[in-house]
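Encoded as structure tokens, the structure appears first; notes follow it.
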Amino acid sequence: MEPLEIAEKIKEIFPEEVLSVSEFRGQVSVTLMKNRIRDIARYLHDDPDLYFDYLVDVCGVDFLGKKEKRFEIVYQLYSIKHRRALRLKAEVSEQDPTIDSVTSVWVGANWHERETFDLFGIKFKGHPDLRRILMPEDWEGHPLRKDYPLQGPAKEWSGFEDVLERSRRFKDYEWQG
Amino acid sequence: MEDIEKAFETRELSISLGPQHPATHGVLRLVLNLQGENVMKCTPYVGYLHRGIEKLGENRTYFSALPLSDRLDYISSMNNNVGYVNAVEKLFGIEAPERAKFIRTMVAEMGRISSHIIWLGTHVLDIGATTPFLYAFREREIIMDLFEMLCGARLTVSYPRVGGVRNDISQEFLDKLYEFVLDFPSKMDDYETLVTENRVWKARTVGIGVISAEEAVNWGLTGGMLRGSGVDYDVRKYAPYDAYDKVEFDIPIGKTGDCYDRYIVRMQEMRQANRIIKQCIEKLPAGAVMADEPKFTLPPKDLVLKDMEHLIHQFILITKGPTVPEGEIYMGTEVPKGELGFYFVSDGTGRPYRMRVRAPSYVHASVLPRLCEGGMIADVITNIGTIDIVLGECDR
């Protein structure tokens, strides 16, 4: 089955969810509504003819001012059995930056979704452990958003004072063995 | 009797392993909840080396973001470069000349050997064998010297370029490399004599960190981690790039998916890499090493210095970047750690609108709790060694 046929099949089963199908350099992307992403993922994973068992990647893209819905969550899928690739894109608006987590389908989505939460501020509903991962836990803002500045005023990270304070304290510590 | 039980009563203890710990291979921190020597819970903390490479890449042209890929997995930067330029070429719709493809395949396999050698050395060192570590660095030094001869840099090479490679290779380089290739299998035999049937090594790795094929795929593992579990997924075979469809090589796979099988797989991979390099030298075609696509590739430097037209051309490409078709592309390549993927979203300008790096080390670090929980604390070190992560790539 060709990737375009798979896209047609998704359209058949989830007619209200598929917004558009595009192809570029032989790679097919299916743009979806975000509402039933977990059902679609489950279907693509379980159906023996499709069997997308390997979730390559999950990432976010910020289309600030370019598209009506600001964010897109991109899922790269691959079927090792059938040697086929497919890309799913789910649109997420700025007002309601939430989407269902697919960790129940692919465990490997766990850290990718945490990263997307960390760097884009998208909340994944049903994620087992949604915390910041690459940035410090008390970091403000989401660095990969397009309105996040590349450079800023010379301001230390808020946790830095705490680190200095602690190192001062540990210097005075006397070990009683 | 009660007194004895009371005397040996244990309570759950939580300790922090890393980020500054020699066995965590970088700045990885694990918080381990221990009940005696048993690991009840393992929580990895990453991000200490986060430099925002994806954000930086979005603010540079496609050419000047190439050196950023060196800094991902810094012990096999050649492979990262190959992955990056392949993805960009696919987005541009250009193709490198045949000779450049063979050269890239050759240097990528050299990078694979040097990365696997480091993995072997440090992994066995963690478990207690010092000798293979010293031998391993001896061979790595030869590869580093060859890289230096090739492009002047040893670690962060940036030798492959969009549309080909930076410069042609010399006969002297080929001779030296051929000498190395002929010699390398005997060096592999040395390592295998020291390690493969070693009783201590087997006791420490057989049956440790077992992950089944189905589970490994579900976790998104790639590279040696996946093939150790018996899945023959390898991007070089499944979606060949460069000259991988023109050389012969096998994909070694394991059976049980434990640390020992992953060791065997990676050792075999080094022999296969050696085989690929040998074929590349023998089959190396003549011709140009840079694609003739003036709109997408930088002009040769000697012409830029002499000719006005080329100078203007270079100026435009460097400052504004090439005019790229709108679209998006994902391209995965097989680096020593697993599948390194680049996902580009282009908005038609000379800079990527979004550059995403799918880092195998990141995925492999996420599987650590699965491997460590329920085991012993000594096996945590074995598991960190076997997943073969580089934190520069994990944190990006």
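If you're wondering about the labels, chains in the structure tokens are A, B, ... by order shown, residues count from 1 in each chain, ligands from 1 in order shown.
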For this session: Tell me, as a VMD selection string, which residues lie within 9 Å of Lys125 in chain A, counting only C-alpha atoms; anything in the same chain fewer than 3 positions away does not count.
Result: chain A and resid 98 to 101 128
For this session: From range 166-346 of chain B, collect each residue whose DSSP state is strand (DSSP E or B) and return the set as number ranges by chain.
Result: B: 290, 327-335, 338-346
Store the residues picked out above, limited to N, CA and C atoms, as a JSON list (two decimals), in the first residue's frame.
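Writing the result to result-v1.json gives the following:
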```json
[["chain", "number", "residue", "atom", "x", "y", "z"],
["B", 290, "MET", "N", 31.98, 17.82, -5.86],
["B", 290, "MET", "CA", 30.95, 18.80, -5.49],
["B", 290, "MET", "C", 29.93, 18.84, -6.62],
["B", 327, "GLY", "N", 8.35, 23.41, 1.85],
["B", 327, "GLY", "CA", 7.99, 22.03, 2.12],
["B", 327, "GLY", "C", 8.62, 21.55, 3.40],
["B", 328, "GLU", "N", 8.50, 20.26, 3.61],
["B", 328, "GLU", "CA", 9.08, 19.70, 4.82],
["B", 328, "GLU", "C", 9.67, 18.35, 4.49],
["B", 329, "ILE", "N", 10.71, 18.01, 5.21],
["B", 329, "ILE", "CA", 11.41, 16.79, 4.89],
["B", 329, "ILE", "C", 11.91, 16.15, 6.18],
["B", 330, "TYR", "N", 11.78, 14.83, 6.26],
["B", 330, "TYR", "CA", 12.43, 14.11, 7.35],
["B", 330, "TYR", "C", 13.39, 13.13, 6.72],
["B", 331, "MET", "N", 14.61, 13.12, 7.21],
["B", 331, "MET", "CA", 15.57, 12.17, 6.67],
["B", 331, "MET", "C", 16.35, 11.55, 7.81],
["B", 332, "GLY", "N", 16.31, 10.25, 7.89],
["B", 332, "GLY", "CA", 17.06, 9.55, 8.93],
["B", 332, "GLY", "C", 18.30, 8.92, 8.35],
["B", 333, "THR", "N", 19.36, 8.93, 9.10],
["B", 333, "THR", "CA", 20.58, 8.23, 8.69],
["B", 333, "THR", "C", 21.06, 7.39, 9.86],
["B", 334, "GLU", "N", 21.83, 6.39, 9.53],
["B", 334, "GLU", "CA", 22.31, 5.48, 10.58],
["B", 334, "GLU", "C", 23.65, 5.99, 11.10],
["B", 335, "VAL", "N", 23.65, 6.53, 12.29],
["B", 335, "VAL", "CA", 24.89, 6.92, 12.94],
["B", 335, "VAL", "C", 25.25, 5.82, 13.94],
["B", 338, "GLY", "N", 22.50, 5.05, 16.50],
["B", 338, "GLY", "CA", 21.17, 4.64, 16.09],
["B", 338, "GLY", "C", 20.72, 5.48, 14.92],
["B", 339, "GLU", "N", 19.43, 5.79, 14.87],
["B", 339, "GLU", "CA", 18.94, 6.59, 13.76],
["B", 339, "GLU", "C", 18.94, 8.06, 14.14],
["B", 340, "LEU", "N", 19.76, 8.82, 13.42],
["B", 340, "LEU", "CA", 19.77, 10.27, 13.62],
["B", 340, "LEU", "C", 18.93, 10.87, 12.52],
["B", 341, "GLY", "N", 17.89, 11.60, 12.89],
["B", 341, "GLY", "CA", 17.00, 12.16, 11.89],
["B", 341, "GLY", "C", 17.00, 13.67, 11.93],
["B", 342, "PHE", "N", 16.91, 14.27, 10.77],
["B", 342, "PHE", "CA", 16.74, 15.71, 10.69],
["B", 342, "PHE", "C", 15.40, 16.00, 10.05],
["B", 343, "TYR", "N", 14.63, 16.86, 10.67],
["B", 343, "TYR", "CA", 13.32, 17.24, 10.12],
["B", 343, "TYR", "C", 13.37, 18.74, 9.86],
["B", 344, "PHE", "N", 13.22, 19.11, 8.60],
["B", 344, "PHE", "CA", 13.27, 20.52, 8.23],
["B", 344, "PHE", "C", 11.90, 20.98, 7.76],
["B", 345, "VAL", "N", 11.48, 22.12, 8.23],
["B", 345, "VAL", "CA", 10.32, 22.79, 7.65],
["B", 345, "VAL", "C", 10.87, 24.04, 6.97],
["B", 346, "SER", "N", 10.64, 24.14, 5.65],
["B", 346, "SER", "CA", 11.17, 25.28, 4.92],
["B", 346, "SER", "C", 10.04, 26.21, 4.55]]
```
Select from chain A every residue with an atom at most 10 Å from any atom of chain B, then for each give the shortest pair of atoms and their distance in Å to one decimal, using only C-alpha atoms, rows by chain and rising number, as a Markdown table.
```
| residue | atom | partner | partner_atom | distance |
| --- | --- | --- | --- | --- |
| A:Ser22 | CA | B:Gly327 | CA | 9.5 |
| A:Glu23 | CA | B:Gly327 | CA | 8.7 |
| A:Phe24 | CA | B:Gly327 | CA | 6.3 |
| A:Arg25 | CA | B:Ile329 | CA | 7.6 |
| A:Gly26 | CA | B:Ile329 | CA | 9.3 |
| A:Gln27 | CA | B:Ile329 | CA | 7.2 |
| A:Val28 | CA | B:Ile329 | CA | 9.6 |
| A:Ser29 | CA | B:Glu328 | CA | 9.0 |
| A:His45 | CA | B:Asn218 | CA | 10.0 |
| A:Phe52 | CA | B:Asn218 | CA | 9.9 |
| A:Asp53 | CA | B:Asn218 | CA | 6.4 |
| A:Tyr54 | CA | B:Val217 | CA | 5.7 |
| A:Leu55 | CA | B:Gly220 | CA | 6.0 |
| A:Val56 | CA | B:Gly220 | CA | 6.3 |
| A:Asp57 | CA | B:Arg358 | CA | 6.3 |
| A:Val58 | CA | B:Arg358 | CA | 8.6 |
| A:Cys59 | CA | B:Arg356 | CA | 7.4 |
| A:Gly60 | CA | B:Arg356 | CA | 8.8 |
| A:Val61 | CA | B:Arg354 | CA | 6.7 |
| A:Asp62 | CA | B:Arg354 | CA | 8.2 |
| A:Phe63 | CA | B:Tyr353 | CA | 9.0 |
| A:Lys66 | CA | B:Asp347 | CA | 10.0 |
| A:Val74 | CA | B:Tyr343 | CA | 9.8 |
| A:Gln76 | CA | B:Tyr330 | CA | 8.1 |
| A:Ser79 | CA | B:Val217 | CA | 10.0 |
| A:Ile80 | CA | B:Tyr233 | CA | 6.8 |
| A:Lys81 | CA | B:Tyr233 | CA | 9.3 |
| A:Arg83 | CA | B:Tyr238 | CA | 6.9 |
| A:Arg84 | CA | B:Tyr238 | CA | 9.5 |
| A:Ala85 | CA | B:Tyr330 | CA | 9.9 |
| A:Arg87 | CA | B:Tyr330 | CA | 9.0 |
| A:Thr103 | CA | B:Trp219 | CA | 9.7 |
| A:Val105 | CA | B:Asn218 | CA | 8.2 |
| A:Trp106 | CA | B:Asn218 | CA | 5.3 |
| A:Val107 | CA | B:Trp219 | CA | 5.2 |
| A:Gly108 | CA | B:Trp219 | CA | 3.9 |
| A:Ala109 | CA | B:Trp219 | CA | 7.7 |
| A:Asn110 | CA | B:Ser366 | CA | 8.0 |
| A:Trp111 | CA | B:Ser366 | CA | 6.5 |
| A:His112 | CA | B:Val363 | CA | 8.1 |
| A:Leu119 | CA | B:Gly52 | CA | 9.9 |
| A:Arg132 | CA | B:Gly47 | CA | 9.5 |
| A:Ile133 | CA | B:Gly47 | CA | 6.4 |
| A:Leu134 | CA | B:Gly47 | CA | 4.0 |
| A:Met135 | CA | B:Gly47 | CA | 6.2 |
| A:Pro136 | CA | B:Gly47 | CA | 7.8 |
| A:Pro143 | CA | B:Lys55 | CA | 7.7 |
| A:Leu144 | CA | B:Lys55 | CA | 6.1 |
| A:Arg145 | CA | B:Lys55 | CA | 9.0 |
| A:Lys146 | CA | B:Lys55 | CA | 9.2 |
| A:Tyr148 | CA | B:Lys55 | CA | 9.9 |
| A:Leu150 | CA | B:Lys55 | CA | 7.9 |
```
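By only C-alpha atoms, and with residues fewer than 5 positions from Asp73 in chain B along its chain excluded, the set lying at most 9 Å from it is B:Asn79, B:Asn80, B:Lys337, B:Ala359, B:Ser361, B:Ile389, B:Val390, B:Leu391, B:Gly392, B:Glu393, B:Cys394, B:Arg396.
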Kindly save the residues from that selection, with N, CA and C atoms included, as a compact mmCIF listing (two decimals), in the first residue's frame.
```
# COMPACT_ATOMS: atom_id res chain seq x y z
N ASN B 79 29.61 11.35 11.07
CA ASN B 79 28.31 10.75 10.75
C ASN B 79 27.18 11.77 10.86
N ASN B 80 27.29 12.67 11.85
CA ASN B 80 26.25 13.70 11.98
C ASN B 80 26.25 14.61 10.77
N LYS B 337 25.16 5.54 16.97
CA LYS B 337 24.27 5.38 18.12
C LYS B 337 22.91 4.83 17.72
N ALA B 359 17.37 12.68 18.03
CA ALA B 359 18.64 12.18 18.53
C ALA B 359 18.47 10.79 19.13
N SER B 361 20.47 9.16 21.09
CA SER B 361 20.88 9.10 22.50
C SER B 361 19.76 9.52 23.43
N ILE B 389 25.29 6.22 25.01
CA ILE B 389 24.78 7.57 24.76
C ILE B 389 25.90 8.59 24.84
N VAL B 390 25.70 9.67 24.12
CA VAL B 390 26.58 10.83 24.23
C VAL B 390 25.67 11.99 24.62
N LEU B 391 26.00 12.64 25.71
CA LEU B 391 25.04 13.60 26.24
C LEU B 391 24.93 14.86 25.39
N GLY B 392 25.95 15.12 24.58
CA GLY B 392 25.85 16.27 23.70
C GLY B 392 24.71 16.10 22.71
N GLU B 393 24.49 14.87 22.29
CA GLU B 393 23.42 14.59 21.36
C GLU B 393 22.09 14.48 22.09
N CYS B 394 22.14 13.92 23.28
CA CYS B 394 20.93 13.73 24.06
C CYS B 394 20.31 15.09 24.41
N ARG B 396 21.25 18.19 23.15
CA ARG B 396 21.28 19.09 21.99
C ARG B 396 21.56 20.53 22.36
```
Exercise. Interatomic distance between CA of Thr116 in chain A and CA of Phe71 in chain A?
Worked result: 10.9 Å
Exercise. Quick one: residues within 8 Å of Leu17 in chain B, only C-alpha atoms counted, chain neighbours fewer than 4 positions away excluded, as number ranges by chain?
Worked result: B: 21, 24, 29-32
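Excluding Glu373 in chain B itself and any same-chain residue fewer than 3 positions from it, the protein and nucleic acid residues within 10 Å of it, counting only C-alpha atoms, are Leu32, Asn33, Leu34, Asn38, Val39, Met40, Lys41, Cys42, Thr43, Gly209, Leu368, Pro369, Arg370, Met376, Ile377, Asp379 and Val380 of chain B.
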Mind writing the picked residues with N, CA and C atoms as a short mmCIF file (atom, residue, chain, number, x, y, z; two decimals), in the first residue's frame?
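Contents of out38.cif, freshly written:
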```cif
data_model
loop_
_atom_site.label_atom_id
_atom_site.label_comp_id
_atom_site.auth_asym_id
_atom_site.auth_seq_id
_atom_site.Cartn_x
_atom_site.Cartn_y
_atom_site.Cartn_z
N LEU B 32 18.46 7.25 42.00
CA LEU B 32 18.15 5.84 42.19
C LEU B 32 17.52 5.64 43.56
N ASN B 33 16.38 4.98 43.60
CA ASN B 33 15.79 4.58 44.88
C ASN B 33 16.19 3.14 45.13
N LEU B 34 16.94 2.94 46.20
CA LEU B 34 17.52 1.63 46.44
C LEU B 34 16.92 0.97 47.66
N ASN B 38 19.16 -3.41 45.56
CA ASN B 38 18.20 -3.51 44.46
C ASN B 38 17.69 -2.13 44.07
N VAL B 39 17.61 -1.91 42.78
CA VAL B 39 17.11 -0.62 42.29
C VAL B 39 15.60 -0.72 42.18
N MET B 40 14.89 0.09 42.98
CA MET B 40 13.43 0.07 42.92
C MET B 40 12.93 1.06 41.87
N LYS B 41 13.61 2.20 41.79
CA LYS B 41 13.15 3.23 40.86
C LYS B 41 14.36 3.97 40.35
N CYS B 42 14.30 4.32 39.08
CA CYS B 42 15.42 5.04 38.48
C CYS B 42 14.85 6.20 37.68
N THR B 43 15.28 7.40 37.99
CA THR B 43 14.78 8.58 37.28
C THR B 43 15.94 9.33 36.65
N GLY B 209 19.86 -6.30 31.52
CA GLY B 209 19.22 -5.29 30.67
C GLY B 209 18.51 -5.89 29.47
N LEU B 368 16.41 3.92 30.05
CA LEU B 368 17.20 3.50 31.22
C LEU B 368 16.35 2.98 32.39
N PRO B 369 15.26 3.71 32.78
CA PRO B 369 14.45 3.17 33.89
C PRO B 369 13.94 1.77 33.60
N ARG B 370 13.56 1.54 32.36
CA ARG B 370 13.04 0.22 31.98
C ARG B 370 14.13 -0.86 32.17
N MET B 376 20.17 -4.85 39.94
CA MET B 376 21.10 -4.46 41.00
C MET B 376 21.76 -3.14 40.64
N ILE B 377 22.32 -2.48 41.66
CA ILE B 377 22.93 -1.17 41.39
C ILE B 377 24.18 -1.31 40.52
N ASP B 379 24.52 -3.24 38.07
CA ASP B 379 24.10 -3.38 36.67
C ASP B 379 23.66 -2.05 36.06
N VAL B 380 23.39 -1.06 36.91
CA VAL B 380 23.06 0.25 36.37
C VAL B 380 24.22 0.76 35.52
#
```
Would you please give, as a compact mmCIF listing (two decimals) with N, CA and C atoms, in the first residue's frame, all residues of chain A that DSSP assigns to alpha helix (DSSP H) based on the backbone?
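So the final result, stored in out-v9.txt, reads:
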```txt
# COMPACT_ATOMS: atom_id res chain seq x y z
N PRO A 3 1.87 5.23 0.57
CA PRO A 3 1.51 6.19 1.64
C PRO A 3 0.25 7.00 1.33
N LEU A 4 0.06 7.35 0.04
CA LEU A 4 -1.13 8.13 -0.30
C LEU A 4 -2.40 7.32 -0.09
N GLU A 5 -2.30 6.02 -0.37
CA GLU A 5 -3.46 5.14 -0.14
C GLU A 5 -3.78 5.06 1.35
N ILE A 6 -2.71 5.02 2.17
CA ILE A 6 -2.92 5.00 3.61
C ILE A 6 -3.65 6.26 4.05
N ALA A 7 -3.23 7.38 3.48
CA ALA A 7 -3.89 8.65 3.81
C ALA A 7 -5.37 8.58 3.45
N GLU A 8 -5.67 7.98 2.28
CA GLU A 8 -7.07 7.82 1.87
C GLU A 8 -7.83 6.96 2.86
N LYS A 9 -7.14 5.92 3.33
CA LYS A 9 -7.78 5.00 4.25
C LYS A 9 -8.11 5.69 5.58
N ILE A 10 -7.17 6.52 6.05
CA ILE A 10 -7.43 7.27 7.28
C ILE A 10 -8.64 8.17 7.07
N LYS A 11 -8.69 8.77 5.88
CA LYS A 11 -9.80 9.67 5.55
C LYS A 11 -11.13 8.93 5.57
N GLU A 12 -11.09 7.68 5.10
CA GLU A 12 -12.30 6.87 5.05
C GLU A 12 -12.83 6.57 6.45
N ILE A 13 -11.90 6.21 7.35
CA ILE A 13 -12.30 5.77 8.67
C ILE A 13 -12.55 6.95 9.60
N ILE A 37 -6.56 12.13 17.98
CA ILE A 37 -5.22 11.72 17.56
C ILE A 37 -4.84 10.36 18.16
N ARG A 38 -5.32 10.12 19.41
CA ARG A 38 -4.94 8.85 20.04
C ARG A 38 -5.63 7.68 19.35
N ASP A 39 -6.89 7.87 18.94
CA ASP A 39 -7.59 6.78 18.23
C ASP A 39 -6.92 6.50 16.90
N ILE A 40 -6.53 7.57 16.20
CA ILE A 40 -5.88 7.39 14.91
C ILE A 40 -4.54 6.68 15.09
N ALA A 41 -3.81 7.08 16.13
CA ALA A 41 -2.52 6.44 16.41
C ALA A 41 -2.72 4.97 16.72
N ARG A 42 -3.72 4.69 17.53
CA ARG A 42 -4.01 3.31 17.90
C ARG A 42 -4.35 2.48 16.65
N TYR A 43 -5.16 3.07 15.78
CA TYR A 43 -5.56 2.37 14.56
C TYR A 43 -4.34 2.09 13.68
N LEU A 44 -3.49 3.12 13.48
CA LEU A 44 -2.32 2.95 12.62
C LEU A 44 -1.35 1.93 13.21
N HIS A 45 -1.29 1.89 14.53
CA HIS A 45 -0.37 0.96 15.17
C HIS A 45 -0.88 -0.47 15.10
N ASP A 46 -2.18 -0.67 15.27
CA ASP A 46 -2.71 -2.02 15.42
C ASP A 46 -3.09 -2.70 14.12
N ALA A 109 7.12 7.63 23.04
CA ALA A 109 6.68 9.02 22.90
C ALA A 109 6.89 9.82 24.17
N ASN A 110 7.12 9.11 25.27
CA ASN A 110 7.20 9.76 26.59
C ASN A 110 8.13 10.98 26.60
N TRP A 111 9.40 10.79 26.31
CA TRP A 111 10.34 11.90 26.42
C TRP A 111 10.17 12.92 25.30
N HIS A 112 9.74 12.45 24.12
CA HIS A 112 9.51 13.41 23.04
C HIS A 112 8.41 14.39 23.42
N GLU A 113 7.37 13.87 24.08
CA GLU A 113 6.27 14.75 24.48
C GLU A 113 6.68 15.67 25.62
N ARG A 114 7.51 15.14 26.52
CA ARG A 114 8.01 16.01 27.59
C ARG A 114 8.81 17.15 27.00
N GLU A 115 9.61 16.83 25.98
CA GLU A 115 10.42 17.87 25.37
C GLU A 115 9.54 18.90 24.68
N THR A 116 8.50 18.44 23.99
CA THR A 116 7.60 19.37 23.32
C THR A 116 6.89 20.26 24.34
N PHE A 117 6.55 19.69 25.48
CA PHE A 117 5.96 20.48 26.56
C PHE A 117 6.95 21.53 27.05
N ASP A 118 8.20 21.09 27.20
CA ASP A 118 9.23 21.96 27.74
C ASP A 118 9.51 23.13 26.79
N LEU A 119 9.67 22.83 25.51
CA LEU A 119 10.16 23.84 24.58
C LEU A 119 9.04 24.59 23.87
N PHE A 120 7.82 24.05 23.87
CA PHE A 120 6.71 24.73 23.20
C PHE A 120 5.54 25.05 24.12
N GLY A 159 17.64 30.55 39.29
CA GLY A 159 18.18 29.53 40.19
C GLY A 159 19.64 29.74 40.51
N PHE A 160 20.31 30.67 39.80
CA PHE A 160 21.74 30.83 39.94
C PHE A 160 22.12 31.31 41.34
N GLU A 161 21.34 32.27 41.86
CA GLU A 161 21.59 32.78 43.21
C GLU A 161 21.52 31.65 44.22
N ASP A 162 20.55 30.79 44.01
CA ASP A 162 20.34 29.66 44.91
C ASP A 162 21.57 28.74 44.89
N VAL A 163 22.13 28.52 43.69
CA VAL A 163 23.30 27.66 43.56
C VAL A 163 24.48 28.28 44.31
N LEU A 164 24.67 29.59 44.15
CA LEU A 164 25.76 30.29 44.83
C LEU A 164 25.61 30.18 46.35
N GLU A 165 24.37 30.41 46.78
CA GLU A 165 24.07 30.38 48.20
C GLU A 165 24.39 28.99 48.76
N ARG A 166 24.01 27.98 48.03
CA ARG A 166 24.21 26.62 48.51
C ARG A 166 25.70 26.28 48.57
N SER A 167 26.44 26.75 47.54
CA SER A 167 27.86 26.43 47.54
C SER A 167 28.56 27.12 48.72
N ARG A 168 28.08 28.33 49.08
CA ARG A 168 28.62 29.03 50.24
C ARG A 168 28.36 28.22 51.51
N ARG A 169 27.14 27.68 51.56
CA ARG A 169 26.75 26.94 52.75
C ARG A 169 27.58 25.65 52.89
N PHE A 170 27.79 24.98 51.77
CA PHE A 170 28.52 23.71 51.81
C PHE A 170 29.99 23.92 52.16
N LYS A 171 30.50 25.11 51.84
CA LYS A 171 31.89 25.40 52.17
C LYS A 171 32.09 25.40 53.68
N ASP A 172 31.06 25.90 54.39
CA ASP A 172 31.18 26.00 55.84
C ASP A 172 30.87 24.68 56.54
```
Exercise. Do you know which residues are at most 7 Å from Leu19 in chain A counting only C-alpha atoms, after dropping those on the same chain fewer than 3 positions away, and could you put them as a list in words?
Worked result: Thr31, Leu32 and Met33 of chain A
Would you write out those residues with C-alpha atoms, as a PDB file, in the first residue's frame?
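Just written: out_32.pdb:
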```pdb
ATOM      1  CA  THR A  31      -2.850  17.032   8.632  1.00  0.00           C
ATOM      2  CA  LEU A  32      -5.386  16.165  11.302  1.00  0.00           C
ATOM      3  CA  MET A  33      -7.664  17.702  13.872  1.00  0.00           C
TER       4      MET A  33
END
```
Problem set entry | Selection near Gly121 in chain B, 7 Å with only C-alpha atoms, sequence-local residues under 4 positions removed, as JSON, numbers by chain | {"B": [117, 125, 132, 133, 136]}
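Nearest residue to Glu179 in chain B, choosing from B:Asn81, B:Ile281, B:Tyr159, B:Glu12 and counting only C-alpha atoms: B:Ile281.
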